[in-house]
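Data from protein-v7.cif: mmCIF, C-alpha atoms and all ligand atoms
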data_work
#
loop_
_atom_site.label_atom_id
_atom_site.label_comp_id
_atom_site.auth_asym_id
_atom_site.auth_seq_id
_atom_site.Cartn_x
_atom_site.Cartn_y
_atom_site.Cartn_z
CA MET A 1 40.52 96.39 35.15
CA LEU A 2 43.56 96.45 32.89
CA LEU A 3 45.01 99.91 32.23
CA LEU A 4 47.32 100.13 29.23
CA GLY A 5 49.67 102.89 30.27
CA GLY A 6 52.75 104.88 29.40
CA THR A 7 51.19 108.35 29.62
CA THR A 8 50.42 111.09 32.14
CA GLU A 9 46.74 110.23 31.80
CA ALA A 10 47.47 106.62 32.77
CA SER A 11 49.43 107.73 35.85
CA ASP A 12 46.68 110.17 36.88
CA LEU A 13 43.96 107.59 36.43
CA THR A 14 45.97 105.01 38.39
CA ALA A 15 46.29 107.42 41.32
CA LYS A 16 42.55 108.13 41.25
CA LEU A 17 41.36 104.52 40.86
CA ALA A 18 43.81 103.03 43.34
CA ARG A 19 41.61 104.25 46.19
CA ASP A 20 38.43 102.77 44.68
CA GLU A 21 37.75 99.49 46.48
CA ARG A 22 35.41 98.31 43.74
CA ILE A 23 38.29 98.05 41.28
CA GLU A 24 41.19 95.63 41.17
CA LEU A 25 43.63 97.44 38.95
CA ILE A 26 46.48 96.07 36.85
CA VAL A 27 48.65 98.64 35.07
CA SER A 28 50.48 97.46 31.98
CA LEU A 29 53.58 99.14 30.52
CA ALA A 30 55.48 98.27 27.38
CA GLY A 31 58.66 97.93 29.44
CA ARG A 32 60.65 100.68 27.74
CA THR A 33 61.26 102.67 30.94
CA SER A 34 63.84 101.21 33.31
CA ARG A 35 62.27 102.59 36.52
CA PRO A 36 58.56 103.18 35.86
CA LEU A 37 56.67 105.30 38.36
CA VAL A 38 53.71 103.12 39.20
CA ARG A 39 52.62 103.05 42.81
CA ASP A 40 49.20 102.13 44.14
CA ALA A 41 48.54 99.33 41.62
CA GLN A 42 49.73 95.96 40.42
CA LEU A 43 52.24 96.47 37.61
CA ARG A 44 53.07 94.25 34.67
CA ALA A 45 55.60 95.14 31.98
CA GLY A 46 56.32 93.98 28.43
CA GLY A 47 54.23 93.07 25.40
CA PHE A 48 51.42 90.50 25.48
CA GLY A 49 52.34 88.92 22.15
CA GLY A 50 49.92 90.72 19.85
CA ALA A 51 46.12 90.70 19.95
CA ASP A 52 46.06 86.91 20.49
CA GLY A 53 48.31 87.15 23.53
CA LEU A 54 46.28 89.99 24.96
CA ALA A 55 42.98 88.15 24.43
CA ARG A 56 44.46 85.17 26.27
CA TYR A 57 45.69 87.39 29.10
CA LEU A 58 42.24 88.99 29.49
CA GLY A 59 40.72 85.54 29.97
CA GLU A 60 43.42 84.29 32.33
CA GLU A 61 43.20 87.35 34.56
CA SER A 62 39.38 87.60 34.38
CA ILE A 63 39.59 91.19 33.16
CA ALA A 64 36.18 92.87 32.82
CA LEU A 65 37.30 96.26 31.50
CA VAL A 66 40.33 97.53 29.56
CA VAL A 67 41.25 101.21 29.51
CA ASP A 68 43.67 102.04 26.72
CA ALA A 69 45.57 105.09 27.91
CA THR A 70 48.54 104.60 25.57
CA HIS A 71 50.11 107.60 23.85
CA PRO A 72 48.39 109.13 20.78
CA PHE A 73 51.43 107.97 18.74
CA ALA A 74 51.23 104.36 19.93
CA ALA A 75 50.09 102.96 16.58
CA VAL A 76 49.80 99.23 17.30
CA MET A 77 48.55 98.69 20.85
CA PRO A 78 45.15 100.42 20.34
CA PHE A 79 44.31 98.06 17.46
CA ASN A 80 45.50 95.03 19.44
CA ALA A 81 43.33 96.14 22.35
CA ALA A 82 40.30 96.61 20.11
CA THR A 83 40.71 93.17 18.52
CA ALA A 84 41.45 91.37 21.79
CA CYS A 85 38.56 92.98 23.68
CA GLN A 86 36.12 92.19 20.92
CA ARG A 87 37.31 88.60 20.79
CA ALA A 88 37.22 88.17 24.59
CA GLY A 89 33.94 90.07 25.04
CA VAL A 90 35.57 92.65 27.31
CA LEU A 91 34.61 96.32 27.55
CA LEU A 92 37.15 98.78 26.16
CA LEU A 93 37.57 102.51 26.68
CA LYS A 94 40.24 104.63 25.01
CA ILE A 95 41.57 107.84 26.55
CA CYS A 96 43.10 110.15 23.97
CA ARG A 97 43.91 113.79 24.63
CA PRO A 98 42.85 116.22 21.89
CA ALA A 99 45.39 117.03 19.21
CA TRP A 100 46.81 120.56 19.00
CA ALA A 101 45.27 122.72 16.29
CA PRO A 102 47.06 125.56 14.50
CA ALA A 103 46.11 129.06 15.70
CA GLU A 104 46.36 132.49 14.09
CA GLY A 105 50.02 133.17 13.34
CA ASP A 106 51.14 129.55 13.33
CA ARG A 107 53.36 128.48 10.42
CA TRP A 108 52.69 124.75 10.37
CA THR A 109 53.41 122.19 7.71
CA THR A 110 51.49 119.07 8.68
CA VAL A 111 53.10 115.82 7.55
CA ALA A 112 52.07 112.18 7.66
CA ASP A 113 55.17 110.73 9.31
CA LEU A 114 58.79 111.30 10.30
CA HIS A 115 60.11 110.55 6.80
CA GLU A 116 57.91 113.28 5.36
CA ALA A 117 59.05 115.56 8.19
CA ALA A 118 62.69 114.98 7.19
CA ALA A 119 61.91 115.58 3.49
CA THR A 120 60.08 118.79 4.42
CA LEU A 121 63.12 120.12 6.29
CA VAL A 122 65.21 119.62 3.16
CA ALA A 123 62.56 121.10 0.83
CA ARG A 124 62.17 124.16 3.09
CA GLY A 125 65.92 124.75 3.42
CA ALA A 126 65.84 124.48 7.22
CA ARG A 127 69.21 125.23 8.82
CA ARG A 128 68.77 125.06 12.60
CA VAL A 129 66.17 122.61 13.83
CA LEU A 130 64.78 121.74 17.25
CA LEU A 131 63.77 118.08 17.04
CA THR A 132 61.30 117.04 19.74
CA THR A 133 60.06 113.73 18.35
CA GLY A 134 61.91 111.58 20.91
CA ARG A 135 65.21 109.73 20.97
CA GLN A 136 63.77 106.62 19.29
CA GLU A 137 62.51 108.59 16.31
CA LEU A 138 65.76 109.98 14.92
CA GLU A 139 66.57 107.70 11.97
CA PRO A 140 64.99 109.77 9.15
CA PHE A 141 66.92 112.86 10.30
CA ARG A 142 70.35 111.27 10.87
CA PRO A 143 71.49 111.30 7.20
CA LEU A 144 70.44 114.90 6.48
CA ARG A 145 73.31 117.27 5.66
CA GLY A 146 73.56 121.05 6.00
CA ILE A 147 71.25 121.16 9.04
CA THR A 148 72.25 121.70 12.67
CA PHE A 149 69.96 119.71 14.96
CA PHE A 150 69.14 120.28 18.60
CA VAL A 151 67.65 117.00 19.77
CA ARG A 152 65.51 117.17 22.87
CA ALA A 153 65.00 113.94 24.78
CA ILE A 154 64.43 112.72 28.33
CA VAL A 155 67.61 110.64 28.33
CA PRO A 156 70.73 111.41 26.26
CA PRO A 157 70.02 110.48 22.62
CA ASP A 158 72.40 108.58 20.36
CA LEU A 159 73.56 111.25 17.92
CA ARG A 160 75.91 109.09 15.86
CA GLY A 161 75.55 109.72 12.12
CA PHE A 162 74.29 113.27 12.44
CA GLU A 163 76.48 115.85 10.73
CA ALA A 164 75.84 118.43 13.45
CA ALA A 165 73.68 117.72 16.46
CA THR A 166 73.52 118.74 20.10
CA ALA A 167 71.52 116.93 22.77
CA VAL A 168 69.07 118.93 24.85
CA VAL A 169 68.31 116.58 27.73
CA ALA A 170 65.17 117.68 29.53
CA ARG A 171 61.90 116.28 30.85
CA GLY A 172 58.61 118.16 30.56
CA PRO A 173 56.44 119.87 31.54
CA PHE A 174 58.01 122.86 29.80
CA GLU A 175 57.30 126.53 30.59
CA LEU A 176 56.76 129.15 27.90
CA SER A 177 59.66 131.33 29.08
CA GLY A 178 62.08 128.39 28.85
CA GLU A 179 60.83 127.41 25.40
CA ARG A 180 61.22 130.97 24.11
CA ALA A 181 64.77 131.09 25.48
CA LEU A 182 65.65 127.71 23.94
CA LEU A 183 64.39 128.68 20.48
CA SER A 184 66.05 132.12 20.59
CA GLU A 185 69.39 131.11 22.07
CA HIS A 186 69.95 128.41 19.47
CA ALA A 187 68.57 130.59 16.62
CA ILE A 188 66.14 127.82 15.70
CA ASP A 189 64.37 128.31 12.36
CA THR A 190 62.24 125.13 12.42
CA LEU A 191 60.62 123.07 15.16
CA VAL A 192 59.74 119.43 14.48
CA SER A 193 57.04 117.96 16.71
CA LYS A 194 54.61 115.10 16.82
CA ASN A 195 51.06 116.28 17.41
CA SER A 196 50.94 114.70 20.84
CA GLY A 197 48.54 117.27 22.28
CA GLY A 198 48.29 118.02 26.00
CA ALA A 199 49.47 120.89 28.14
CA ALA A 200 52.85 119.55 29.29
CA THR A 201 54.63 120.19 25.98
CA ALA A 202 52.34 122.79 24.34
CA ALA A 203 54.51 125.80 25.23
CA LYS A 204 56.92 125.11 22.36
CA ILE A 205 54.05 125.65 19.91
CA GLN A 206 53.22 129.04 21.38
CA ALA A 207 56.87 130.04 21.56
CA ALA A 208 57.30 129.11 17.88
CA ARG A 209 54.22 131.20 17.02
CA GLU A 210 55.57 134.23 18.89
CA LEU A 211 58.99 133.94 17.26
CA CYS A 212 57.56 133.23 13.75
CA ILE A 213 59.34 129.88 13.62
CA GLU A 214 58.28 127.21 11.13
CA VAL A 215 56.73 124.09 12.65
CA VAL A 216 56.78 120.70 10.96
CA MET A 217 53.95 118.89 12.72
CA VAL A 218 53.60 115.11 12.42
CA ARG A 219 49.99 113.97 12.21
CA ARG A 220 48.74 111.23 14.55
CA PRO A 221 48.44 107.65 13.38
CA ALA A 222 44.99 106.14 12.83
CA THR A 223 43.04 104.78 15.80
CA PRO A 224 40.39 102.07 15.95
CA GLU A 225 36.71 102.93 16.31
CA VAL A 226 36.16 102.32 20.03
CA PRO A 227 34.48 104.25 22.86
CA LEU A 228 36.65 107.33 23.37
CA VAL A 229 37.09 110.00 26.06
CA HIS A 230 39.54 112.90 26.02
CA ASN A 231 40.69 113.15 29.62
CA VAL A 232 40.87 111.42 32.99
CA ALA A 233 37.76 113.11 34.42
CA GLU A 234 35.66 111.85 31.50
CA ALA A 235 37.21 108.41 31.90
CA ARG A 236 36.29 108.29 35.59
CA ARG A 237 32.70 109.23 34.80
CA TRP A 238 32.52 106.57 32.08
CA ILE A 239 34.00 103.90 34.38
CA GLY A 240 31.78 105.02 37.28
CA ALA A 241 28.67 104.63 35.15
CA ARG A 242 29.72 101.07 34.19
CA LEU A 243 30.42 100.18 37.83
CA ARG A 244 26.96 101.37 38.86
CA THR A 245 25.25 99.30 36.18
CA GLY A 246 27.75 96.42 36.34
CA VAL A 247 30.47 96.15 33.72
CA GLU A 248 29.07 92.90 32.36
P1 LIG B 301 52.90 100.63 19.94
O1 LIG B 301 53.69 100.82 18.69
O2 LIG B 301 51.44 100.85 19.88
O3 LIG B 301 53.16 99.20 20.54
C1 LIG B 301 54.18 98.31 20.11
C2 LIG B 301 54.11 97.07 20.96
O4 LIG B 301 54.53 97.38 22.30
C3 LIG B 301 52.70 96.51 21.12
O5 LIG B 301 52.36 95.71 20.03
C4 LIG B 301 52.80 95.78 22.43
O6 LIG B 301 53.47 94.53 22.26
C5 LIG B 301 53.74 96.65 23.23
N1 LIG B 301 53.02 97.62 24.08
C6 LIG B 301 52.71 98.92 23.79
N2 LIG B 301 52.11 99.51 24.82
C7 LIG B 301 52.02 98.57 25.79
C8 LIG B 301 51.48 98.56 27.11
N3 LIG B 301 50.94 99.67 27.66
N4 LIG B 301 51.55 97.40 27.83
C9 LIG B 301 52.12 96.28 27.28
N5 LIG B 301 52.64 96.24 26.05
C10 LIG B 301 52.60 97.36 25.31
O7 LIG B 301 53.49 101.57 21.10
P2 LIG B 301 54.84 102.44 21.14
O8 LIG B 301 54.69 103.64 20.29
O9 LIG B 301 55.98 101.51 20.91
O10 LIG B 301 54.80 102.90 22.65
C11 LIG B 301 55.18 102.03 23.69
C12 LIG B 301 54.74 102.61 25.01
O11 LIG B 301 55.29 103.92 25.17
C13 LIG B 301 53.21 102.76 25.12
O12 LIG B 301 52.83 102.31 26.40
C14 LIG B 301 52.96 104.24 24.93
O13 LIG B 301 51.85 104.69 25.69
C15 LIG B 301 54.26 104.85 25.43
N6 LIG B 301 54.60 106.12 24.75
C16 LIG B 301 54.71 106.16 23.41
C17 LIG B 301 55.02 107.36 22.79
C18 LIG B 301 55.13 107.47 21.29
O14 LIG B 301 55.38 108.59 20.80
N7 LIG B 301 54.94 106.40 20.53
C19 LIG B 301 55.24 108.52 23.57
C20 LIG B 301 55.12 108.42 24.95
C21 LIG B 301 54.81 107.22 25.53
P3 LIG B 301 52.65 93.16 22.05
O15 LIG B 301 52.08 93.22 20.68
O16 LIG B 301 53.68 92.11 22.25
O17 LIG B 301 51.57 93.12 23.10
#

Is it possible to express this structure as C-alpha cells?
Ligand code: NAP
Amino acid sequence: MLLLGGTTEASDLTAKLARDERIELIVSLAGRTSRPLVRDAQLRAGGFGGADGLARYLGEESIALVVDATHPFAAVMPFNAATACQRAGVLLLKICRPAWAPAEGDRWTTVADLHEAAATLVARGARRVLLTTGRQELEPFRPLRGITFFVRAIVPPDLRGFEAATAVVARGPFELSGERALLSEHAIDTLVSKNSGGAATAAKIQAARELCIEVVMVRRPATPEVPLVHNVAEARRWIGARLRTGVE
C-alpha cells in the first residue's frame, strides 16, 4: 500500500496500519519538511514526476492500493493519483476531512483563492489581519499597503516586502482560549484562513465568531471523482473490507 501523506490523517493511519501484518506500507511525502515524523513504515520523499512517474512507480513497487491522504489544499497530487491509479489498474481511496461550514454569527466572505482573499481585504478596508494561510502562501498579501499583518506559521516566515508584518510562530493544535487572546491582544479585525477543516485549527473560527471578527475563507480546490472517506476510522473500515475480499 502506498500512502500519500503530509497530514495528521496520514500520520494517524500510518500508526494504525503499521501493526497490521497483512499490509506492507510505504509512506510518501512531498519532501517539504526537513525532519518528517514517520515511524513504523517505509518512507520515501519527493515527487514522482507527475502522473506518468507515479504510474511507473506503482508498477515497479507492485502497489495494490493507494490511499491519498494529502491535504485538502493539495491541488495537483489527487489528480495525479487518480490518473496514475486508473492507468495502472490500482485501487485508490481518498481521505478528506470535511470542510468547515459557517455557523450562526459567523461573518465569512468565501473566496476562490489567495488573490481574491487579498483583493477582499482591500475592498473591505481591513486594517489588522491575522493571516493563517501558511508561510508559502504569502505572495498576494506582500504588496498590500495600509494593513498590519500578523502572519502565523510553523517556522518563521519570510516577511520581506510587507509594509507592516509580525510573525506569529506556532504549531497547532490551537486552543480556543489562546485564539481568543491572540485575536484580542493584536486587535485583529479580519482573519484569513484556508478552509482546511479539522479540529486542530478550528478554534480560530469560533474565536472570530465570538469576537465578531470578519473571516475571509478560501474555498478548497477541486478534487477528482474517486472513492472518498472523511476520516481515518472510515478509511480503516474501507481498507479492511478490501483486505477481506482481496484488493485485486
Ligand atoms: P500539490 O500541489 O498537490 O503537489 C505538488 C507536487 O508535489 C505534486 O505534483 C507531487 O510532485 C508532489 N507531491 C505532493 N504530495 C506528495 C506526496 N505525498 N508524496 C510525493 N510527492 C508529493 O501539493 P502541495 O499543496 O504542494 O502539498 C505538498 C505536501 O504538503 C502534500 O503532501 C500535502 O499533503 C502537504 N500539505 C499541504 C498543505 C497545503 O495547504 N497545500 C497543507 C498541509 C500539508 P510530482 O508531480 O513530481 O509527483

Report task. Residues up to 6 Å from ligand LIG 301 (chain B), counting only C-alpha atoms and all ligand atoms: could you list those as a VMD selection string? Result -> chain A and resid 4 to 7 28 to 30 45 to 50 70 to 71 73 to 77

Would you save the residues from that selection as an mmCIF file, in the coordinates of the input, using C-alpha atoms?
data_model
loop_
_atom_site.group_PDB
_atom_site.id
_atom_site.type_symbol
_atom_site.label_atom_id
_atom_site.label_comp_id
_atom_site.auth_asym_id
_atom_site.auth_seq_id
_atom_site.Cartn_x
_atom_site.Cartn_y
_atom_site.Cartn_z
ATOM 1 C CA LEU A 4 47.320 100.130 29.230
ATOM 2 C CA GLY A 5 49.670 102.890 30.270
ATOM 3 C CA GLY A 6 52.750 104.880 29.400
ATOM 4 C CA THR A 7 51.190 108.350 29.620
ATOM 5 C CA SER A 28 50.480 97.460 31.980
ATOM 6 C CA LEU A 29 53.580 99.140 30.520
ATOM 7 C CA ALA A 30 55.480 98.270 27.380
ATOM 8 C CA ALA A 45 55.600 95.140 31.980
ATOM 9 C CA GLY A 46 56.320 93.980 28.430
ATOM 10 C CA GLY A 47 54.230 93.070 25.400
ATOM 11 C CA PHE A 48 51.420 90.500 25.480
ATOM 12 C CA GLY A 49 52.340 88.920 22.150
ATOM 13 C CA GLY A 50 49.920 90.720 19.850
ATOM 14 C CA THR A 70 48.540 104.600 25.570
ATOM 15 C CA HIS A 71 50.110 107.600 23.850
ATOM 16 C CA PHE A 73 51.430 107.970 18.740
ATOM 17 C CA ALA A 74 51.230 104.360 19.930
ATOM 18 C CA ALA A 75 50.090 102.960 16.580
ATOM 19 C CA VAL A 76 49.800 99.230 17.300
ATOM 20 C CA MET A 77 48.550 98.690 20.850
#

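Atom to atom, CA of Leu191 (chain A) and CA of Glu9 (chain A) stand 25.2 Å apart.
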
All file atoms of region 23-27 of chain A boxed axis-aligned, 4 Å per side, centre plus edges, as AutoDock Vina command-line options:
--center_x 43.5 --center_y 97.1 --center_z 38.2 --size_x 18.4 --size_y 11.0 --size_z 14.2

Query raised in the report: So how many Å separate CA of Ala69 (chain A) and CA of Leu3 (chain A), to one decimal?
Result: 6.8 Å

Requested in this report: Give me the residues within 12 Å of Arg220 (chain A) as number ranges by chain, counting all atoms listed in the file and dropping any in the same chain fewer than 4 places off.
Outcome: A: 71-75, 96-100, 110-114, 193-197

Need the shell around Ala64 (chain A): protein/DNA/RNA residues with any atom at most 12 Å away, counting only C-alpha atoms. Skip same-chain ones fewer than 4 positions apart. Format as a compact mmCIF listing (two decimals) with C-alpha atoms, keeping the file's coordinate frame?
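What landed in selection_35.txt:
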# COMPACT_ATOMS: atom_id res chain seq x y z
CA MET A 1 40.52 96.39 35.15
CA LEU A 2 43.56 96.45 32.89
CA LEU A 3 45.01 99.91 32.23
CA ILE A 23 38.29 98.05 41.28
CA GLU A 24 41.19 95.63 41.17
CA LEU A 25 43.63 97.44 38.95
CA ILE A 26 46.48 96.07 36.85
CA ALA A 55 42.98 88.15 24.43
CA TYR A 57 45.69 87.39 29.10
CA LEU A 58 42.24 88.99 29.49
CA GLY A 59 40.72 85.54 29.97
CA GLU A 60 43.42 84.29 32.33
CA CYS A 85 38.56 92.98 23.68
CA GLN A 86 36.12 92.19 20.92
CA ALA A 88 37.22 88.17 24.59
CA GLY A 89 33.94 90.07 25.04
CA VAL A 90 35.57 92.65 27.31
CA LEU A 91 34.61 96.32 27.55
CA LEU A 92 37.15 98.78 26.16
CA LEU A 93 37.57 102.51 26.68
CA ILE A 239 34.00 103.90 34.38
CA ARG A 242 29.72 101.07 34.19
CA LEU A 243 30.42 100.18 37.83
CA GLY A 246 27.75 96.42 36.34
CA VAL A 247 30.47 96.15 33.72
CA GLU A 248 29.07 92.90 32.36
